[in-house]
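Novice: mmCIF, C-alpha atoms, saved as run-v6.cif, coming up:
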```
data_start
#
loop_
_atom_site.label_atom_id
_atom_site.label_comp_id
_atom_site.auth_asym_id
_atom_site.auth_seq_id
_atom_site.Cartn_x
_atom_site.Cartn_y
_atom_site.Cartn_z
CA MET A 27 74.66 99.08 87.98
CA LYS A 28 77.94 98.10 86.30
CA HIS A 29 81.35 98.91 87.76
CA VAL A 30 85.05 98.36 87.12
CA ALA A 31 87.45 97.32 89.86
CA LEU A 32 91.16 97.70 89.17
CA LEU A 33 93.53 95.76 91.42
CA ARG A 34 96.99 97.16 91.95
CA GLY A 35 100.13 95.05 91.69
CA ILE A 36 98.88 91.49 91.29
CA ASN A 37 100.38 88.78 89.07
CA VAL A 38 103.51 90.85 88.42
CA GLY A 39 106.64 88.76 87.97
CA GLY A 40 105.13 85.85 89.86
CA HIS A 41 104.42 87.97 92.94
CA ARG A 42 101.02 88.24 94.61
CA PRO A 43 99.38 85.60 92.40
CA VAL A 44 95.63 85.86 91.91
CA PRO A 45 93.93 83.39 89.57
CA MET A 46 91.18 85.15 87.64
CA SER A 47 88.68 82.34 88.28
CA ALA A 48 89.21 82.73 92.05
CA LEU A 49 88.94 86.51 91.73
CA ARG A 50 85.60 86.17 89.92
CA ALA A 51 84.40 83.83 92.69
CA THR A 52 85.47 86.36 95.33
CA PHE A 53 83.37 89.08 93.68
CA GLU A 54 80.43 86.70 93.33
CA GLY A 55 80.78 85.89 97.04
CA LEU A 56 80.28 89.60 97.73
CA GLY A 57 76.95 89.48 95.87
CA SER A 58 78.17 90.81 92.54
CA SER A 59 76.75 89.41 89.30
CA GLU A 60 77.87 89.24 85.68
CA VAL A 61 81.50 89.21 86.87
CA GLN A 62 84.09 89.29 84.08
CA THR A 63 87.85 89.65 84.26
CA TYR A 64 90.14 90.98 81.57
CA ILE A 65 93.77 89.85 81.35
CA GLN A 66 95.75 88.82 84.41
CA SER A 67 96.48 92.29 85.80
CA GLY A 68 93.31 92.55 87.89
CA ASN A 69 90.58 94.18 85.83
CA VAL A 70 87.08 93.19 86.94
CA VAL A 71 83.79 94.29 85.38
CA PHE A 72 80.75 93.45 87.49
CA GLU A 73 77.23 94.40 88.48
CA ALA A 74 76.39 95.47 92.02
CA ASP A 75 74.12 98.01 93.66
CA ALA A 76 76.62 99.83 95.90
CA PRO A 77 80.05 98.18 96.00
CA GLU A 78 82.46 99.32 98.70
CA VAL A 79 86.22 99.38 98.14
CA GLU A 80 86.92 98.41 101.76
CA LEU A 81 84.77 95.29 101.55
CA ILE A 82 86.34 94.23 98.26
CA GLU A 83 89.87 94.75 99.63
CA ALA A 84 89.01 92.78 102.80
CA ALA A 85 87.55 89.88 100.78
CA ILE A 86 90.62 89.75 98.55
CA GLU A 87 92.96 89.80 101.55
CA LYS A 88 90.99 87.00 103.21
CA GLU A 89 90.95 84.89 100.05
CA PHE A 90 94.54 85.41 98.85
CA GLY A 91 96.43 86.31 102.03
CA PHE A 92 97.70 89.76 101.08
CA ARG A 93 96.36 93.28 100.88
CA VAL A 94 95.60 94.72 97.45
CA ASP A 95 94.59 98.30 96.69
CA VAL A 96 91.38 98.43 94.67
CA ILE A 97 90.33 101.38 92.53
CA LEU A 98 86.62 101.44 91.77
CA ARG A 99 84.79 103.26 88.95
CA SER A 100 81.16 103.21 87.86
CA ALA A 101 80.23 102.55 84.24
CA ALA A 102 79.27 106.24 83.90
CA GLY A 103 82.65 107.32 85.27
CA TRP A 104 84.41 104.96 82.90
CA ALA A 105 82.43 106.32 79.95
CA SER A 106 83.80 109.81 80.66
CA LEU A 107 87.44 108.72 80.27
CA ASP A 108 87.48 109.01 76.48
CA ALA A 109 86.11 112.56 76.40
CA ARG A 110 88.67 113.69 78.99
CA ASN A 111 91.67 112.10 77.27
CA PRO A 112 93.87 114.97 76.02
CA TYR A 113 96.04 112.57 74.02
CA THR A 114 93.46 110.92 71.76
CA GLN A 115 95.53 111.68 68.65
CA GLU A 116 98.34 109.68 70.27
CA ALA A 117 96.10 106.89 71.56
CA ASP A 118 97.47 103.89 69.67
CA GLY A 119 96.68 101.80 72.73
CA THR A 120 100.19 101.38 74.10
CA ARG A 121 101.62 104.90 74.30
CA VAL A 122 98.79 106.49 76.25
CA HIS A 123 98.06 105.33 79.79
CA VAL A 124 95.75 106.31 82.60
CA ALA A 125 96.74 106.27 86.25
CA PHE A 126 93.62 105.70 88.32
CA LEU A 127 93.52 107.16 91.83
CA ASN A 128 91.11 106.75 94.73
CA THR A 129 91.03 110.48 95.42
CA VAL A 130 91.59 113.74 93.57
CA PRO A 131 95.26 114.63 94.13
CA ASP A 132 96.16 117.92 95.73
CA PRO A 133 98.64 120.27 93.99
CA ALA A 134 101.49 119.26 96.33
CA GLN A 135 101.13 115.65 95.19
CA ILE A 136 100.93 116.58 91.50
CA VAL A 137 104.25 118.45 91.51
CA THR A 138 105.99 115.25 92.69
CA ILE A 139 105.19 113.41 89.43
CA ARG A 140 108.36 112.89 87.44
CA ALA A 141 109.19 111.48 84.00
CA ARG A 142 111.92 111.78 81.39
CA PRO A 143 111.70 114.65 78.88
CA GLY A 144 109.21 114.01 76.08
CA ASN A 145 106.73 112.27 78.37
CA VAL A 146 103.74 114.35 79.41
CA TRP A 147 100.79 113.99 81.75
CA THR A 148 97.54 115.74 82.51
CA VAL A 149 95.56 115.43 85.74
CA SER A 150 91.79 115.25 85.30
CA GLY A 151 89.84 114.53 88.48
CA ARG A 152 90.91 111.14 89.87
CA GLU A 153 92.84 110.23 86.72
CA VAL A 154 96.27 111.12 85.40
CA TYR A 155 96.50 110.76 81.62
CA LEU A 156 100.01 109.90 80.43
CA HIS A 157 101.55 110.12 76.98
CA THR A 158 104.74 108.06 76.81
CA PRO A 159 106.09 108.11 73.21
CA ASP A 160 108.74 105.46 73.96
CA GLY A 161 106.42 103.33 76.12
CA LEU A 162 105.71 103.33 79.82
CA GLY A 163 108.77 101.22 80.63
CA GLN A 164 111.10 103.82 79.09
CA SER A 165 109.26 106.86 80.47
CA GLY A 166 111.03 107.10 83.80
CA LEU A 167 107.59 107.73 85.26
CA ASN A 168 107.45 108.17 89.00
CA LEU A 169 104.01 109.01 90.35
CA GLY A 170 105.70 110.53 93.39
CA GLN A 171 103.37 111.05 96.31
CA LEU A 172 100.25 109.81 94.56
CA LYS A 173 98.94 107.03 96.77
CA HIS A 174 96.74 104.12 95.79
CA ALA A 175 97.29 104.48 92.05
CA THR A 176 97.24 101.84 89.34
CA VAL A 177 98.04 102.36 85.66
CA ARG A 178 96.37 100.86 82.60
CA ASN A 179 97.21 101.40 78.93
CA TRP A 180 94.62 102.91 76.63
CA ARG A 181 93.97 99.58 74.91
CA THR A 182 92.89 98.09 78.25
CA VAL A 183 90.75 101.16 79.02
CA GLN A 184 88.95 100.72 75.70
CA ARG A 185 88.48 96.97 76.16
CA LEU A 186 86.96 97.49 79.60
CA ALA A 187 84.62 100.09 78.10
CA GLN A 188 83.45 97.41 75.64
CA LEU A 189 82.82 94.97 78.47
CA LEU A 190 80.76 97.60 80.27
CA SER A 191 78.48 98.19 77.27
#
```
Show me this structure written as structure tokens.
Specialist:
Amino acid sequence: MKHVALLRGINVGGHRPVPMSALRATFEGLGSSEVQTYIQSGNVVFEADAPEVELIEAAIEKEFGFRVDVILRSAAGWASLDARNPYTQEADGTRVHVAFLNTVPDPAQIVTIRARPGNVWTVSGREVYLHTPDGLGQSGLNLGQLKHATVRNWRTVQRLAQLLS
């Protein structure tokens, strides 16, 4: 079964460096096969029977010396992202983003999300879809109390879908 692992906060501004070749080797060491990475931000497509987030996080910490949050999705879960995207007409690849969460947020967490006027979001299960007309960097986005979240632009979401197929 194919899966996607998204690593949070690696290779950003020279902090928490993770070479993609070493990351692929780490996943292979866990018994995964057909391991592929996409860009340097920690996107891994792989095959495994029943991957566990805790084991992946522990292996990464052991290999690289720091803790990294990992968000895991199955190929079937990834395939549902497109149908649930409320901003498809805006999806040029860089103005629509998805924040991936490990759990479904409760309403108290959702009300803490903040952004500048003109930026909108929709919560759908363990994902928060974001439309940022001026780009994510200008959105003023603050995911508030949402824990263990990592954001990818729609172009990356689509590319990972291609790698899964």
Novice: Please provide as a PyMOL selection string all residues within 12 Å of region 113-116 of chain A, with the sequence filter that same-chain residues fewer than 5 positions apart are discarded (counting only C-alpha atoms).
Specialist: chain A and resi 107-108+121-124+145-148+154-161+180-181+184
Novice: Output C-alpha atoms of each residue in that selection to a file, as a CSV table (one decimal), in the frame of the given file.
Specialist:
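Result file follows (part.csv):
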```csv
chain,number,residue,atom,x,y,z
A,107,LEU,CA,87.4,108.7,80.3
A,108,ASP,CA,87.5,109.0,76.5
A,121,ARG,CA,101.6,104.9,74.3
A,122,VAL,CA,98.8,106.5,76.2
A,123,HIS,CA,98.1,105.3,79.8
A,124,VAL,CA,95.8,106.3,82.6
A,145,ASN,CA,106.7,112.3,78.4
A,146,VAL,CA,103.7,114.4,79.4
A,147,TRP,CA,100.8,114.0,81.8
A,148,THR,CA,97.5,115.7,82.5
A,154,VAL,CA,96.3,111.1,85.4
A,155,TYR,CA,96.5,110.8,81.6
A,156,LEU,CA,100.0,109.9,80.4
A,157,HIS,CA,101.6,110.1,77.0
A,158,THR,CA,104.7,108.1,76.8
A,159,PRO,CA,106.1,108.1,73.2
A,160,ASP,CA,108.7,105.5,74.0
A,161,GLY,CA,106.4,103.3,76.1
A,180,TRP,CA,94.6,102.9,76.6
A,181,ARG,CA,94.0,99.6,74.9
A,184,GLN,CA,89.0,100.7,75.7
```
Novice: Go through A:Gln171, A:Ala109, A:Gln66, A:Asn128 and flag the residue nearest Gly40 (chain A), using all atoms listed in the file for the distances.
Specialist: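 Among the listed residues, the smallest separation from Gly40 (chain A) belongs to A:Gln66.
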Novice: Please determine, counting all atoms listed in the file, which residue among A:Ala102, A:Val70, A:Val149, A:Leu190 has the shortest atom-to-atom distance to Ser47 (chain A).
Specialist: A:Val70
Novice: Could you tell me how far CA of Gly163 (chain A) lies from CA of Arg140 (chain A), in Å and to one decimal?
Specialist: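 Between CA of Gly163 (chain A) and CA of Arg140 (chain A) the gap works out to 13.5 Å.
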Novice: Can you pull out the residues contacting Ile86 (chain A)? Cut-off 12 Å, using all atoms listed in the file, and skip same-chain residues under 5 positions away; I want them as a list of chain:residue names.
Specialist: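 What passes the distance filter is A:Ala31, A:Leu33, A:Arg34, A:Ile36, A:Arg42, A:Pro43, A:Val44, A:Pro45, A:Met46, A:Ala48, A:Leu49, A:Arg50, A:Ala51, A:Thr52, A:Phe53, A:Glu54, A:Gly55, A:Leu56, A:Gly68, A:Val79, A:Glu80, A:Leu81, A:Gly91, A:Phe92, A:Arg93, A:Val94, A:Asp95, A:Val96.
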